[in-house]
file run.tsv (TSV, C-alpha atoms)
chain	number	residue	atom	x	y	z
A	128	MET	CA	20.04	29.95	56.65
A	129	VAL	CA	22.82	32.33	57.69
A	130	PHE	CA	23.52	32.50	61.42
A	131	GLU	CA	22.43	35.83	62.91
A	132	GLY	CA	24.33	37.03	65.92
A	133	SER	CA	27.50	38.75	67.07
A	134	SER	CA	30.84	37.43	68.22
A	135	VAL	CA	34.33	38.31	69.38
A	136	ALA	CA	37.65	36.53	69.85
A	137	ILE	CA	40.54	37.76	72.01
A	138	SER	CA	43.77	36.13	73.19
A	139	HIS	CA	46.47	37.20	75.64
A	140	THR	CA	49.85	35.70	76.54
A	141	GLY	CA	49.13	36.08	80.27
A	142	LYS	CA	51.54	37.24	82.95
A	143	VAL	CA	53.85	34.20	83.14
A	144	ARG	CA	54.23	32.62	79.68
A	145	SER	CA	56.78	34.06	77.26
A	146	ASN	CA	54.70	33.25	74.16
A	147	ASN	CA	51.09	32.57	73.23
A	148	GLN	CA	50.38	28.94	72.39
A	149	ASP	CA	46.61	29.51	72.16
A	150	SER	CA	44.70	30.20	68.95
A	151	GLY	CA	41.14	31.36	68.48
A	152	TYR	CA	38.71	31.97	65.63
A	153	ALA	CA	35.38	33.81	65.37
A	154	GLY	CA	33.75	33.84	61.96
A	155	SER	CA	30.27	33.89	60.50
A	156	ASN	CA	29.23	30.36	61.49
A	157	LEU	CA	32.38	28.78	62.98
A	158	PHE	CA	33.97	29.51	66.36
A	159	VAL	CA	37.09	27.77	67.72
A	160	VAL	CA	39.47	27.79	70.68
A	161	ALA	CA	42.67	25.72	70.52
A	162	ASP	CA	45.17	25.54	73.39
A	163	GLY	CA	48.55	24.30	72.16
A	164	MET	CA	51.08	22.33	74.17
A	165	GLY	CA	54.48	20.81	73.64
A	166	GLY	CA	56.96	23.45	74.64
A	167	HIS	CA	57.99	26.87	73.43
A	168	ALA	CA	57.56	26.02	69.74
A	169	GLY	CA	55.34	22.97	69.45
A	170	GLY	CA	52.26	24.46	71.10
A	171	ASP	CA	52.28	27.43	68.75
A	172	VAL	CA	52.45	25.20	65.71
A	173	ALA	CA	49.82	22.72	66.85
A	174	SER	CA	47.11	25.27	67.71
A	175	SER	CA	47.85	27.27	64.55
A	176	ILE	CA	47.53	24.19	62.37
A	177	ALA	CA	44.23	23.28	64.04
A	178	VAL	CA	42.64	26.71	63.54
A	179	HIS	CA	43.85	27.08	59.94
A	180	ARG	CA	42.51	23.60	59.08
A	181	LEU	CA	39.16	24.28	60.72
A	182	LYS	CA	38.57	27.81	59.38
A	183	ASP	CA	37.63	26.36	55.97
A	184	LEU	CA	34.46	25.04	57.66
A	185	ASP	CA	33.14	28.58	58.13
A	186	HIS	CA	30.17	28.44	55.77
A	187	THR	CA	26.50	27.42	55.82
A	188	TYR	CA	25.39	23.78	56.02
A	189	ALA	CA	22.26	22.10	54.77
A	190	THR	CA	21.93	19.93	57.87
A	191	THR	CA	23.48	19.61	61.31
A	192	SER	CA	24.69	16.14	60.35
A	193	ASP	CA	26.70	17.65	57.51
A	194	ALA	CA	28.32	20.11	59.90
A	195	GLU	CA	29.07	17.40	62.49
A	196	ARG	CA	30.66	15.18	59.86
A	197	ALA	CA	32.73	18.12	58.53
A	198	LEU	CA	34.06	18.84	62.03
A	199	GLN	CA	35.00	15.19	62.58
A	200	ASP	CA	36.78	14.97	59.23
A	201	ALA	CA	38.65	18.25	59.70
A	202	ILE	CA	39.87	17.35	63.18
A	203	GLY	CA	40.93	13.90	61.98
A	204	SER	CA	42.88	15.43	59.09
A	205	THR	CA	44.49	17.89	61.51
A	206	ALA	CA	45.87	14.96	63.50
A	207	SER	CA	47.43	13.62	60.29
A	208	VAL	CA	49.01	16.99	59.57
A	209	LEU	CA	50.50	17.11	63.07
A	210	ILE	CA	51.96	13.63	62.60
A	211	ASP	CA	53.43	14.58	59.22
A	212	THR	CA	54.88	17.81	60.66
A	213	VAL	CA	56.66	15.91	63.44
A	214	ALA	CA	57.98	13.40	60.90
A	215	GLU	CA	59.66	16.33	59.13
A	216	ARG	CA	60.73	18.07	62.32
A	217	PRO	CA	61.41	15.47	65.08
A	218	GLU	CA	62.34	18.20	67.56
A	219	LEU	CA	58.60	19.06	67.73
A	220	ALA	CA	57.63	15.56	68.87
A	221	GLY	CA	55.00	15.62	71.59
A	222	MET	CA	53.21	18.74	70.40
A	223	GLY	CA	49.45	18.78	70.54
A	224	THR	CA	46.43	20.98	71.05
A	225	THR	CA	43.00	21.03	72.52
A	226	VAL	CA	40.12	21.89	70.19
A	227	SER	CA	36.71	23.22	71.15
A	228	ALA	CA	34.72	24.16	68.08
A	229	LEU	CA	31.16	25.27	67.47
A	230	VAL	CA	29.30	25.56	64.15
A	231	MET	CA	25.93	27.32	63.99
A	232	VAL	CA	23.36	25.65	61.70
A	233	ASP	CA	19.93	27.30	61.73
A	234	ASP	CA	18.66	26.98	65.32
A	235	TYR	CA	21.30	24.46	66.38
A	236	ALA	CA	24.85	24.48	67.66
A	237	VAL	CA	27.08	21.66	66.41
A	238	ILE	CA	29.93	21.05	68.84
A	239	ALA	CA	33.26	19.20	68.60
A	240	HIS	CA	35.57	18.93	71.59
A	241	ILE	CA	38.81	17.29	72.70
A	242	GLY	CA	41.01	18.35	75.63
A	243	ASP	CA	40.33	20.77	78.48
A	244	SER	CA	39.33	23.97	76.74
A	245	ARG	CA	35.65	24.57	77.45
A	246	ILE	CA	32.37	25.58	75.88
A	247	TYR	CA	29.75	27.19	78.12
A	248	LEU	CA	26.16	28.25	77.47
A	249	TYR	CA	24.70	31.26	79.26
A	250	ARG	CA	20.89	31.10	79.07
A	251	ASP	CA	18.17	32.54	81.31
A	252	ASP	CA	20.78	33.98	83.70
A	253	ALA	CA	22.38	30.56	84.26
A	254	LEU	CA	25.83	29.41	83.12
A	255	THR	CA	26.22	25.75	82.11
A	256	GLN	CA	29.41	23.96	81.14
A	257	ILE	CA	28.54	22.07	77.95
A	258	THR	CA	31.79	20.17	77.31
A	259	THR	CA	33.50	17.71	79.63
A	260	ASP	CA	37.21	18.11	80.35
A	261	HIS	CA	39.29	15.20	79.10
A	262	THR	CA	41.61	15.36	82.11
A	263	PHE	CA	42.90	13.02	84.76
A	264	VAL	CA	41.21	14.94	87.58
A	265	GLN	CA	37.87	14.97	85.74
A	266	ARG	CA	38.01	11.17	85.77
A	267	LEU	CA	38.58	11.34	89.51
A	268	VAL	CA	35.57	13.65	89.85
A	269	ASP	CA	33.40	11.41	87.66
A	270	SER	CA	34.31	8.39	89.79
A	271	GLY	CA	33.46	10.29	92.98
A	272	ARG	CA	37.00	10.16	94.36
A	273	ILE	CA	37.43	13.93	94.60
A	274	THR	CA	35.07	16.90	94.50
A	275	PRO	CA	35.01	19.51	91.72
A	276	GLU	CA	36.46	22.02	94.19
A	277	GLU	CA	39.36	19.65	94.97
A	278	ALA	CA	39.90	19.20	91.23
A	279	ARG	CA	40.54	22.95	90.83
A	280	TYR	CA	43.64	22.71	93.03
A	281	HIS	CA	44.78	19.14	92.29
A	282	PRO	CA	48.50	19.01	91.37
A	283	ARG	CA	47.66	16.90	88.27
A	284	ARG	CA	44.78	19.08	87.07
A	285	SER	CA	46.51	19.83	83.73
A	286	VAL	CA	47.16	16.19	82.76
A	287	LEU	CA	45.15	15.51	79.60
A	288	MET	CA	43.73	12.08	78.86
A	289	ARG	CA	42.69	13.03	75.34
A	290	VAL	CA	44.35	15.56	73.05
A	291	LEU	CA	44.76	16.27	69.34
A	292	GLY	CA	48.43	15.41	68.91
A	293	ASP	CA	51.15	13.71	66.93
A	294	MET	CA	50.72	10.24	68.44
A	295	ASP	CA	47.15	9.29	67.51
A	296	PRO	CA	46.00	9.40	63.87
A	297	ASP	CA	42.40	8.67	64.92
A	298	PRO	CA	41.67	10.83	67.97
A	299	GLU	CA	38.48	10.32	69.98
A	300	VAL	CA	36.53	13.56	69.66
A	301	ASP	CA	33.26	14.38	71.43
A	302	THR	CA	30.66	15.68	68.97
A	303	PHE	CA	27.03	16.53	69.66
A	304	ILE	CA	24.22	18.82	68.55
A	305	MET	CA	22.23	21.19	70.76
A	306	PRO	CA	19.30	23.49	70.04
A	307	THR	CA	20.01	27.16	70.60
A	308	GLU	CA	17.70	30.14	71.08
A	309	PRO	CA	17.75	33.90	70.50
A	310	GLY	CA	19.38	35.49	73.53
A	311	ASP	CA	21.76	32.57	74.14
A	312	ARG	CA	25.37	33.49	74.76
A	313	TRP	CA	28.05	30.87	74.03
A	314	LEU	CA	31.48	31.13	75.64
A	315	LEU	CA	34.51	29.21	74.36
A	316	CYS	CA	37.72	29.56	76.38
A	317	SER	CA	41.08	27.99	77.11
A	318	ASP	CA	41.93	26.87	80.62
A	319	GLY	CA	43.84	30.11	81.02
A	320	LEU	CA	40.42	31.54	81.90
A	321	SER	CA	38.48	28.58	83.35
A	322	GLY	CA	41.49	27.39	85.36
A	323	VAL	CA	41.78	30.61	87.36
A	324	ILE	CA	38.26	32.11	87.29
A	325	ASP	CA	35.47	29.95	88.70
A	326	ASP	CA	32.09	29.64	87.01
A	327	ALA	CA	30.36	31.87	89.56
A	328	HIS	CA	32.57	34.85	88.74
A	329	THR	CA	32.30	34.16	85.00
A	330	ALA	CA	28.50	34.09	85.26
A	331	ARG	CA	28.56	37.38	87.16
A	332	VAL	CA	30.34	39.05	84.22
A	333	LEU	CA	27.99	37.51	81.66
A	334	ALA	CA	24.99	38.66	83.71
A	335	HIS	CA	25.82	42.30	82.82
A	336	LYS	CA	24.74	41.42	79.25
A	337	LEU	CA	27.24	43.81	77.74
A	338	PRO	CA	28.31	43.47	74.08
A	339	PRO	CA	30.65	40.52	73.38
A	340	GLY	CA	33.77	42.68	73.05
A	341	ARG	CA	33.26	44.41	76.38
A	342	THR	CA	32.36	41.11	78.08
A	343	ALA	CA	35.48	39.39	76.74
A	344	ASP	CA	37.63	42.30	77.99
A	345	LEU	CA	36.15	41.98	81.49
A	346	LEU	CA	36.76	38.22	81.57
A	347	LEU	CA	40.35	38.73	80.44
A	348	LYS	CA	40.84	41.41	83.11
A	349	GLN	CA	39.66	38.97	85.79
A	350	ALA	CA	42.18	36.37	84.60
A	351	LEU	CA	45.00	38.94	84.54
A	352	ASP	CA	44.05	40.22	88.00
A	353	ALA	CA	44.22	36.60	89.23
A	354	GLY	CA	47.80	36.27	87.94
A	355	ALA	CA	47.10	34.73	84.49
A	356	PRO	CA	49.69	31.92	84.78
A	357	ASP	CA	48.71	30.60	81.33
A	358	ASN	CA	47.65	32.01	77.97
A	359	VAL	CA	44.05	33.26	77.97
A	360	THR	CA	41.76	32.93	74.95
A	361	VAL	CA	38.09	33.86	74.91
A	362	VAL	CA	35.51	33.56	72.12
A	363	ILE	CA	31.97	34.83	72.74
A	364	VAL	CA	29.02	34.14	70.43
A	365	ASP	CA	25.61	35.78	70.81
A	366	VAL	CA	22.55	34.26	69.16
A	367	GLY	CA	20.26	37.05	67.94
A	368	GLY	CA	19.21	39.18	70.89
A	369	SER	CA	20.36	42.77	71.45
A	370	HIS	CA	23.79	42.50	69.79
A	371	PRO	CA	23.34	42.06	66.01
A	372	MET	CA	26.24	41.15	63.75
A	373	VAL	CA	28.36	44.20	62.95
A	374	SER	CA	30.82	42.62	60.55
A	375	GLY	CA	31.18	39.25	58.91
A	376	THR	CA	34.98	39.51	58.77
A	377	PRO	CA	36.55	36.51	60.55
A	378	THR	CA	38.75	37.20	63.56
A	379	ILE	CA	41.83	35.04	64.17
A	380	VAL	CA	43.75	35.51	67.43
A	381	GLY	CA	46.71	33.97	69.22
A	382	SER	CA	49.48	32.10	67.46
A	383	ALA	CA	47.29	31.44	64.41
A	384	SER	CA	47.08	35.19	63.76
A	385	ASN	CA	50.74	35.40	62.70
A	386	PRO	CA	50.51	37.31	59.39
A	387	ARG	CA	53.42	35.28	58.00
A	388	GLY	CA	51.46	32.12	58.47
A	389	ILE	CA	52.37	29.03	60.43
A	390	GLU	CA	56.08	28.96	61.11
A	391	VAL	CA	57.90	25.88	62.33
A	392	PRO	CA	60.92	27.24	64.27
A	393	ALA	CA	64.35	25.96	63.42
A	394	ALA	CA	65.75	23.21	65.59
A	395	ARG	CA	67.65	24.42	68.63
A	396	THR	CA	70.31	22.67	70.63
A	397	GLY	CA	69.92	22.10	74.33
A	398	ARG	CA	68.69	19.60	76.83
A	399	THR	CA	65.85	17.28	75.87
A	400	SER	CA	62.64	16.35	77.63
A	401	TRP	CA	62.36	13.03	79.44
A	402	LEU	CA	58.92	12.59	77.88
A	403	HIS	CA	60.19	13.08	74.31
A	404	PRO	CA	63.98	12.76	74.14
A	405	ASN	CA	64.09	13.65	70.41
A	406	ARG	CA	62.64	17.15	70.77
A	407	GLN	CA	63.82	20.37	72.34
A	408	ALA	CA	63.01	20.90	75.96
A	409	ALA	CA	59.63	22.34	76.75
A	410	ASN	CA	59.38	25.83	78.19
A	411	GLU	CA	57.41	24.84	81.28
A	412	PRO	CA	54.77	22.75	79.47
A	413	THR	CA	51.30	23.03	80.93
A	414	HIS	CA	49.89	19.76	79.58
A	415	PHE	CA	50.93	16.32	78.54
A	416	GLU	CA	49.09	13.16	77.58
A	417	PRO	CA	50.21	10.17	79.67
A	418	ALA	CA	50.72	6.66	78.40
A	419	ALA	CA	48.48	3.94	79.82
A	420	GLU	CA	51.08	2.66	82.27
A	421	PHE	CA	51.77	6.19	83.47
A	422	LEU	CA	48.05	6.67	84.05
A	423	GLU	CA	48.10	3.71	86.44
A	424	GLU	CA	50.98	5.37	88.30
A	425	LEU	CA	49.00	8.63	88.46
A	426	ILE	CA	46.02	6.79	89.92
A	427	GLU	CA	48.24	5.05	92.48
A	428	GLU	CA	49.88	8.39	93.29
A	429	ASP	CA	46.43	9.86	93.92
A	430	ARG	CA	45.60	6.95	96.20
A	431	ARG	CA	48.81	7.58	98.15
A	432	ARG	CA	47.98	11.26	98.39
A	433	ALA	CA	44.49	10.43	99.68
A	434	ARG	CA	45.98	8.06	102.27
A	435	ARG	CA	48.45	10.74	103.38
A	436	ARG	CA	45.61	13.23	103.72
A	437	ARG	CA	43.67	10.78	105.89
A	438	VAL	CA	46.74	10.09	108.06
A	439	TRP	CA	47.36	13.82	108.57
A	440	TRP	CA	43.70	14.38	109.40
A	441	ILE	CA	43.86	11.59	111.99
A	442	VAL	CA	47.16	12.87	113.43
A	443	GLY	CA	45.76	16.40	113.58
A	444	LEU	CA	42.59	15.17	115.27
A	445	VAL	CA	44.61	13.17	117.82
A	446	ILE	CA	46.78	16.22	118.58
A	447	ILE	CA	43.71	18.42	119.04
A	448	LEU	CA	42.03	15.85	121.29
A	449	ALA	CA	45.23	15.41	123.30
A	450	ALA	CA	45.60	19.16	123.75
A	451	LEU	CA	41.94	19.46	124.72
A	452	THR	CA	42.28	16.59	127.21
A	453	ALA	CA	45.42	18.12	128.71
A	454	ALA	CA	43.66	21.47	129.06
A	455	LEU	CA	40.66	19.86	130.73
A	456	LEU	CA	42.87	17.85	133.12
A	457	GLY	CA	44.84	20.99	133.96
A	458	ALA	CA	41.65	22.91	134.62
A	459	TYR	CA	40.28	20.05	136.75
A	460	ASN	CA	43.51	19.80	138.78
A	461	TRP	CA	43.34	23.54	139.40
A	462	THR	CA	39.77	23.22	140.75
A	463	GLN	CA	40.95	20.52	143.17
A	464	SER	CA	43.41	22.97	144.72
A	465	ARG	CA	40.49	25.21	145.75
A	466	TYR	CA	38.34	24.87	148.93
A	467	PHE	CA	35.07	26.29	150.25
A	468	VAL	CA	32.83	25.89	153.27
A	469	GLY	CA	29.28	24.71	152.72
A	470	THR	CA	26.68	22.34	154.05
A	471	ASP	CA	25.31	18.89	153.47
A	472	ASP	CA	21.86	20.04	154.74
A	473	ASP	CA	22.55	19.23	158.43
A	474	THR	CA	26.18	20.05	159.21
A	475	VAL	CA	28.99	22.37	158.15
A	476	VAL	CA	31.33	20.72	155.60
A	477	ILE	CA	34.70	21.67	154.08
A	478	TYR	CA	34.64	20.95	150.32
A	479	ARG	CA	37.58	20.52	147.95
A	480	GLY	CA	36.98	22.04	144.49
A	481	ILE	CA	34.76	24.87	143.28
A	482	GLN	CA	31.07	25.50	143.69
A	483	GLN	CA	30.18	25.06	139.97
A	484	ASP	CA	29.36	21.79	138.20
A	485	LEU	CA	30.18	20.88	134.60
A	486	GLY	CA	26.92	19.35	133.42
A	487	PRO	CA	26.54	16.04	135.26
A	488	ILE	CA	30.16	16.23	136.48
A	489	SER	CA	30.63	17.63	139.99
A	490	LEU	CA	33.74	19.75	140.43
A	491	SER	CA	33.76	19.42	144.23
A	492	SER	CA	33.89	16.67	146.84
A	493	VAL	CA	33.61	16.48	150.65
A	494	TYR	CA	37.00	17.03	152.27
A	495	GLU	CA	35.85	17.03	155.92
A	496	ASP	CA	32.50	16.93	157.74
A	497	THR	CA	33.13	19.26	160.71
A	498	GLY	CA	30.20	17.95	162.80
A	499	ILE	CA	28.98	21.52	163.44
A	500	LEU	CA	25.18	21.49	163.23
A	501	LEU	CA	23.57	24.15	161.08
A	502	SER	CA	20.87	24.53	163.71
A	503	ASP	CA	23.51	25.67	166.23
A	504	LEU	CA	24.65	28.56	164.05
A	505	GLN	CA	23.27	32.04	164.29
A	506	PHE	CA	20.87	33.01	161.50
A	507	TYR	CA	23.33	35.13	159.47
A	508	GLN	CA	26.05	32.42	159.81
A	509	ARG	CA	23.63	29.72	158.69
A	510	LEU	CA	22.74	31.84	155.64
A	511	GLN	CA	26.44	32.33	154.75
A	512	VAL	CA	27.23	28.62	155.01
A	513	THR	CA	24.17	27.66	152.99
A	514	GLU	CA	25.30	30.00	150.18
A	515	THR	CA	28.92	28.68	150.65
A	516	ILE	CA	31.97	30.61	151.80
A	517	SER	CA	34.96	30.62	149.44
A	518	ALA	CA	38.42	29.97	150.91
A	519	ARG	CA	41.79	30.86	149.46
A	520	SER	CA	43.32	27.61	150.75
A	521	LEU	CA	42.71	24.64	153.03
A	522	GLY	CA	44.15	26.63	155.94
A	523	ASP	CA	41.76	29.47	155.21
A	524	ALA	CA	38.82	27.01	155.15
A	525	VAL	CA	39.92	25.51	158.52
A	526	ALA	CA	40.15	29.04	159.99
A	527	ILE	CA	36.58	29.79	158.81
A	528	VAL	CA	35.34	26.58	160.47
A	529	ASP	CA	37.22	27.40	163.70
A	530	THR	CA	35.50	30.78	163.80
A	531	LEU	CA	32.10	29.13	163.38
A	532	ARG	CA	32.94	26.54	166.04
A	533	GLN	CA	34.01	29.23	168.53
A	534	SER	CA	30.77	31.12	167.83
A	535	VAL	CA	28.71	27.99	168.57
A	536	GLU	CA	30.65	27.27	171.76
A	537	SER	CA	30.31	30.89	172.91
A	538	GLN	CA	26.58	30.81	172.27
A	539	SER	CA	26.25	27.51	174.19
A	540	ALA	CA	28.13	29.02	177.15
A	541	GLU	CA	25.80	32.01	177.23
A	542	ASP	CA	22.74	29.75	177.12
A	543	ALA	CA	23.99	27.53	180.01
A	544	PRO	CA	22.23	28.16	183.44
call {"tool": "encode", "arguments": {"input": "run.tsv", "output": "structure tokens"}}
result
Amino acid sequence: MVFEGSSVAISHTGKVRSNNQDSGYAGSNLFVVADGMGGHAGGDVASSIAVHRLKDLDHTYATTSDAERALQDAIGSTASVLIDTVAERPELAGMGTTVSALVMVDDYAVIAHIGDSRIYLYRDDALTQITTDHTFVQRLVDSGRITPEEARYHPRRSVLMRVLGDMDPDPEVDTFIMPTEPGDRWLLCSDGLSGVIDDAHTARVLAHKLPPGRTADLLLKQALDAGAPDNVTVVIVDVGGSHPMVSGTPTIVGSASNPRGIEVPAARTGRTSWLHPNRQAANEPTHFEPAAEFLEELIEEDRRRARRRRVWWIVGLVIILAALTAALLGAYNWTQSRYFVGTDDDTVVIYRGIQQDLGPISLSSVYEDTGILLSDLQFYQRLQVTETISARSLGDAVAIVDTLRQSVESQSAEDAP
């Protein structure tokens, strides 16, 4: 059965990179994204080789098992070609590429994946990431040591643990088969998109259900608006639905679209990379595959970073608590410089502090019991004292008490026979 649907492939250099190391392919039954790495030249060559080796798989298959086996064989042979290419051109040592490929067979999608390019499925208004990134930070997420949100901004987020390169003739590739339905929309992309645009914003674009070409343009625009620090490649595949196939002509984008074919640049002089001393220096490489001993150092580095984060959190908390304590002590000391005149139910009392309480904490204390009985005060004076009389200072409080005392004495003199 021939796959019925529509598709598009686009690729853009981005706003920072000087060349496009991505390659993409959208055909009749085969769809691929490859993100090359290994410097200014090596990444171009690696992704181009991968796409041109895989494009021969763009035909119908009798079974999904046949398609899965074809993908595995083609990717394995691509690794051999990369190794042979580096043997002829040592300056390209260290080049490699991610590969995310999808073959449609009847009502199934056959998937092959290695690296950190991604395949998503948009179905019933929900976006699901189908592939798992083969990255250092994804291992940290899987082990529960960091959250997916922390992984997006981790300084080692581009370190690949698995890649199709020139050092492993038998790469470990994830392959699996999934049922697909009319109306499904598959999205393949390099991390130039997924690394800068989160899934929520991607889903929002897909929810418009525009034709694949228009949807891909909108996704690319989002990446460019976000700065596009890496190459951006997008392949969209619709299964049946409202966007029928317009043309069966394959579309090749990125470095693999060079009309002169795959070109291995001439060797150039210059400084060499510490990772691969026999090749030309990388032009700000975005990925590399660490050796086992370096992985242990990365893990230990992450532990150190986590410890530093905890220390800074503790230091910050201590500083905040100290500042809060100092503010509270300052406020309390200020209250103890205030005075007011009140009562302890029977007599007039000078209090130090303020009339308010802070929960169970009293902000005032008895400074002096004057011995003046409330019962000896006139009615309006007794009412004032009961409601408390604020004083600007201790001297002011003493003056208020003296006035009350004189009033009591004057009243006693008038009442004497």
call {"tool": "closest_residue", "arguments": {"input": "run.tsv", "among": "A:Asp162, A:Glu277, A:Asp365, A:Asp311", "to": "A:Gly340", "atoms": "only C-alpha atoms"}}
result
A:Asp365
call {"tool": "residues_around", "arguments": {"input": "run.tsv", "residues": "A:Leu345", "least_positions_apart": "2", "cutoff": "12 Å", "atoms": "all atoms listed in the file", "output": "number ranges by chain"}}
result
A: 137, 320, 324, 328-343, 347-352, 361
call {"tool": "atom_distance", "arguments": {"input": "run.tsv", "atom1": "atom CA of A:Ser537", "atom2": "atom CA of A:Asp503"}}
result
10.9 Å
call {"tool": "closest_residue", "arguments": {"input": "run.tsv", "among": "A:Val172, A:Val160, A:Ile273, A:Ala177", "to": "A:Ile238", "atoms": "all atoms listed in the file"}}
result
A:Val160
call {"tool": "closest_residue", "arguments": {"input": "run.tsv", "among": "A:Pro487, A:Gly498, A:Pro309, A:Gly221", "to": "A:Gly170", "atoms": "only C-alpha atoms"}}
result
A:Gly221
call {"tool": "closest_residue", "arguments": {"input": "run.tsv", "among": "A:Thr212, A:Ser539, A:Asn358, A:Thr530", "to": "A:Arg144", "atoms": "all atoms listed in the file"}}
result
A:Asn358
call {"tool": "residues_around", "arguments": {"input": "run.tsv", "residues": "A:Gln511", "least_positions_apart": "6", "cutoff": "12 Å", "atoms": "all atoms listed in the file", "output": "list in words"}}
result
Phe467, Val468, Gly469, Thr470, Val475, Leu501, Leu504, Gln505, Ser517, Ile527 and Leu531 of chain A
call {"tool": "residues_near_point", "arguments": {"input": "run.tsv", "point": "(32.6, 28.5, 62.0)", "cutoff": "12 Å", "atoms": "all atoms listed in the file", "output": "PyMOL selection string"}}
result
chain A and resi 129-130+134+151-160+178-188+194-195+197-198+227-232+236-239+362+364+375-379
call {"tool": "atom_distance", "arguments": {"input": "run.tsv", "atom1": "atom CA of A:Thr360", "atom2": "atom CA of A:Ala278"}}
result
21.4 Å
call {"tool": "residues_around", "arguments": {"input": "run.tsv", "residues": "A:Leu521", "least_positions_apart": "5", "cutoff": "9 Å", "atoms": "only C-alpha atoms", "output": "PyMOL selection string"}}
result
chain A and resi 464-467+477+479+526
call {"tool": "closest_residue", "arguments": {"input": "run.tsv", "among": "A:Ile441, A:Val512, A:Ile176, A:Leu314", "to": "A:Ile257", "atoms": "only C-alpha atoms"}}
result
A:Leu314
call {"tool": "residues_near_point", "arguments": {"input": "run.tsv", "point": "(36.2, 23.9, 137.9)", "cutoff": "9 Å", "atoms": "only C-alpha atoms", "output": "ChimeraX atom specification"}}
result
/A:458-463,480-485,489-491
call {"tool": "closest_residue", "arguments": {"input": "run.tsv", "among": "A:Ser192, A:Asp293, A:Leu346, A:Ser502", "to": "A:Glu215", "atoms": "all atoms listed in the file"}}
result
A:Asp293
call {"tool": "atom_distance", "arguments": {"input": "run.tsv", "atom1": "atom CA of A:Asp301", "atom2": "atom CA of A:Gln256"}}
result
14.2 Å
call {"tool": "residues_around", "arguments": {"input": "run.tsv", "residues": "A:Arg279", "least_positions_apart": "3", "cutoff": "9 Å", "atoms": "only C-alpha atoms", "output": "JSON, numbers by chain"}}
result
{"A": [264, 274, 275, 276, 282, 284, 322, 323, 325]}
